[in-house]
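Here is the structure we will look at, set down as structure tokens.
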Amino acid sequence: MDELEKKDQQESRTEPVKYATPMQRLWAWVGVVYMVILVLLSTYGLAHGSFLQGIGALMLAPALCGLGASAILRFRRGEGRGGLLSCGLISGGAFLLALLGLIRALPNLVRQL
């Protein structure tokens with residue numbers, strides 16, 4: 001019994017839990033979005049016998065949104081260089097490109113369904 005108690009005490013002395021930073025959480029959610037998109041696309045391809053065409057901009061949108069949100073998070077933590085102007089330009093440009101890509105890809109997606 002003493003050996004088991006000593007083992008339990010040693011295991012309880014492990015390092016404390018390290019929680020994810022907001023940046024890590026952001027990119028984890030971007031990864032979740034990509035997993036959902038890939039599962040839906042592969043399911044569609046298996047069900048219909050052909051994969052969707054012309055949706056590259058749709059696949060790029062989550063990464064662009066993650067880039068824009070990363071710029072905002074870095075600015076809020078004080079790590080972003082260039083100040084508010086560069087943060088606004090980078091995040092605004094990324095969000096605008098994601099929106100334009102979605103506008104371009106959605107008609108292709110709807111046409112093929």
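Here, A, B, ... name the chains of the structure tokens in the order displayed, residue numbers run from 1 inside each chain, and ligands are numbered from 1 in the same displayed order.
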Nearby residues (only C-alpha atoms) at most 9 Å from Ala71 in chain A, same-chain spacing under 2 positions excluded, as a PDB file with C-alpha atoms, in the first residue's frame:
```pdb
ATOM      1  CA  GLY A  66      -7.652  33.633 -38.997  1.00  0.00           C
ATOM      2  CA  LEU A  67      -4.950  35.968 -40.303  1.00  0.00           C
ATOM      3  CA  GLY A  68      -7.132  39.023 -39.738  1.00  0.00           C
ATOM      4  CA  ALA A  69      -8.068  37.918 -36.241  1.00  0.00           C
ATOM      5  CA  LEU A  73      -5.008  39.717 -31.196  1.00  0.00           C
ATOM      6  CA  ARG A  74      -1.361  40.675 -31.647  1.00  0.00           C
ATOM      7  CA  PHE A  75      -2.251  44.374 -31.551  1.00  0.00           C
ATOM      8  CA  ARG A  76      -4.342  43.945 -28.408  1.00  0.00           C
ATOM      9  CA  GLY A  80       1.905  44.005 -33.228  1.00  0.00           C
ATOM     10  CA  SER A  86      -1.045  48.377 -39.845  1.00  0.00           C
ATOM     11  CA  CYS A  87      -3.372  46.248 -37.727  1.00  0.00           C
ATOM     12  CA  GLY A  88      -6.372  47.791 -39.444  1.00  0.00           C
ATOM     13  CA  ILE A  90      -3.844  43.777 -42.408  1.00  0.00           C
ATOM     14  CA  SER A  91      -7.032  42.632 -40.717  1.00  0.00           C
TER      15      SER A  91
END
```
Inset, instruction - Name the residues in contact with range 34-40 of chain A at a cut-off of 10 Å, using only C-alpha atoms, excluding same-chain residues fewer than 5 positions from it; report them as a PyMOL selection string. - result: chain A and resi 28-29+45-46+58-63
Inset, instruction - Within range 11-91 of chain A, find each residue whose DSSP state, derived from the backbone, is helix (DSSP H, G or I), and express the selection as number ranges by chain. - result: A: 11-12, 22-48, 56-77, 83-91
Residue subset to file, keeping C-alpha atoms, as a PDB file, in the first residue's frame:
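Below you can see again_1.pdb, which holds the result:
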```pdb
ATOM      1  CA  GLU A  11       1.814  11.826  -9.935  1.00  0.00           C
ATOM      2  CA  SER A  12       0.073  14.672  -8.112  1.00  0.00           C
ATOM      3  CA  PRO A  22      -6.009  33.167 -27.309  1.00  0.00           C
ATOM      4  CA  MET A  23      -3.844  32.835 -30.435  1.00  0.00           C
ATOM      5  CA  GLN A  24      -3.663  29.051 -30.043  1.00  0.00           C
ATOM      6  CA  ARG A  25      -7.425  28.891 -29.517  1.00  0.00           C
ATOM      7  CA  LEU A  26      -8.015  30.995 -32.622  1.00  0.00           C
ATOM      8  CA  TRP A  27      -5.956  28.727 -34.853  1.00  0.00           C
ATOM      9  CA  ALA A  28      -7.501  25.649 -33.269  1.00  0.00           C
ATOM     10  CA  TRP A  29     -10.937  26.936 -34.325  1.00  0.00           C
ATOM     11  CA  VAL A  30      -9.637  27.608 -37.830  1.00  0.00           C
ATOM     12  CA  GLY A  31      -8.495  23.981 -37.882  1.00  0.00           C
ATOM     13  CA  VAL A  32     -11.948  22.846 -36.746  1.00  0.00           C
ATOM     14  CA  VAL A  33     -13.538  24.827 -39.588  1.00  0.00           C
ATOM     15  CA  TYR A  34     -11.200  23.160 -42.079  1.00  0.00           C
ATOM     16  CA  MET A  35     -12.013  19.727 -40.669  1.00  0.00           C
ATOM     17  CA  VAL A  36     -15.743  20.352 -41.082  1.00  0.00           C
ATOM     18  CA  ILE A  37     -15.280  21.657 -44.639  1.00  0.00           C
ATOM     19  CA  LEU A  38     -13.138  18.671 -45.639  1.00  0.00           C
ATOM     20  CA  VAL A  39     -15.567  16.171 -44.137  1.00  0.00           C
ATOM     21  CA  LEU A  40     -18.483  17.794 -45.985  1.00  0.00           C
ATOM     22  CA  LEU A  41     -16.558  17.940 -49.271  1.00  0.00           C
ATOM     23  CA  SER A  42     -15.426  14.331 -49.061  1.00  0.00           C
ATOM     24  CA  THR A  43     -18.914  13.183 -48.092  1.00  0.00           C
ATOM     25  CA  TYR A  44     -20.346  15.048 -51.077  1.00  0.00           C
ATOM     26  CA  GLY A  45     -17.714  13.529 -53.357  1.00  0.00           C
ATOM     27  CA  LEU A  46     -18.428  10.009 -52.162  1.00  0.00           C
ATOM     28  CA  ALA A  47     -22.190  10.472 -52.416  1.00  0.00           C
ATOM     29  CA  HIS A  48     -22.245  12.029 -55.899  1.00  0.00           C
ATOM     30  CA  GLY A  56     -10.589  27.329 -53.950  1.00  0.00           C
ATOM     31  CA  ALA A  57     -11.601  30.739 -52.655  1.00  0.00           C
ATOM     32  CA  LEU A  58     -13.994  29.038 -50.249  1.00  0.00           C
ATOM     33  CA  MET A  59     -11.124  26.959 -48.918  1.00  0.00           C
ATOM     34  CA  LEU A  60      -8.937  30.045 -48.454  1.00  0.00           C
ATOM     35  CA  ALA A  61     -11.528  32.064 -46.490  1.00  0.00           C
ATOM     36  CA  PRO A  62     -10.990  30.478 -43.025  1.00  0.00           C
ATOM     37  CA  ALA A  63      -7.235  31.044 -43.201  1.00  0.00           C
ATOM     38  CA  LEU A  64      -7.731  34.668 -44.221  1.00  0.00           C
ATOM     39  CA  CYS A  65     -10.171  35.219 -41.360  1.00  0.00           C
ATOM     40  CA  GLY A  66      -7.652  33.633 -38.997  1.00  0.00           C
ATOM     41  CA  LEU A  67      -4.950  35.968 -40.303  1.00  0.00           C
ATOM     42  CA  GLY A  68      -7.132  39.023 -39.738  1.00  0.00           C
ATOM     43  CA  ALA A  69      -8.068  37.918 -36.241  1.00  0.00           C
ATOM     44  CA  SER A  70      -4.392  37.160 -35.487  1.00  0.00           C
ATOM     45  CA  ALA A  71      -3.441  40.712 -36.397  1.00  0.00           C
ATOM     46  CA  ILE A  72      -6.109  42.029 -34.027  1.00  0.00           C
ATOM     47  CA  LEU A  73      -5.008  39.717 -31.196  1.00  0.00           C
ATOM     48  CA  ARG A  74      -1.361  40.675 -31.647  1.00  0.00           C
ATOM     49  CA  PHE A  75      -2.251  44.374 -31.551  1.00  0.00           C
ATOM     50  CA  ARG A  76      -4.342  43.945 -28.408  1.00  0.00           C
ATOM     51  CA  ARG A  77      -1.489  42.128 -26.636  1.00  0.00           C
ATOM     52  CA  GLY A  83       0.418  50.310 -34.518  1.00  0.00           C
ATOM     53  CA  LEU A  84      -3.267  50.599 -35.174  1.00  0.00           C
ATOM     54  CA  LEU A  85      -2.899  51.533 -38.848  1.00  0.00           C
ATOM     55  CA  SER A  86      -1.045  48.377 -39.845  1.00  0.00           C
ATOM     56  CA  CYS A  87      -3.372  46.248 -37.727  1.00  0.00           C
ATOM     57  CA  GLY A  88      -6.372  47.791 -39.444  1.00  0.00           C
ATOM     58  CA  LEU A  89      -4.875  47.378 -42.909  1.00  0.00           C
ATOM     59  CA  ILE A  90      -3.844  43.777 -42.408  1.00  0.00           C
ATOM     60  CA  SER A  91      -7.032  42.632 -40.717  1.00  0.00           C
TER      61      SER A  91
END
```
Inset, instruction - Could you jot down the CA of Phe51 in chain A to CA of Ala105 in chain A separation for me, Å, one decimal place? - result: 14.5 Å
Inset, instruction - Give me, please, the distance in Å between CA of Leu97 in chain A and CA of Ala20 in chain A, quoted to one decimal. - result: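 Answer for the CA of Leu97 in chain A to CA of Ala20 in chain A separation: 28.2 Å.
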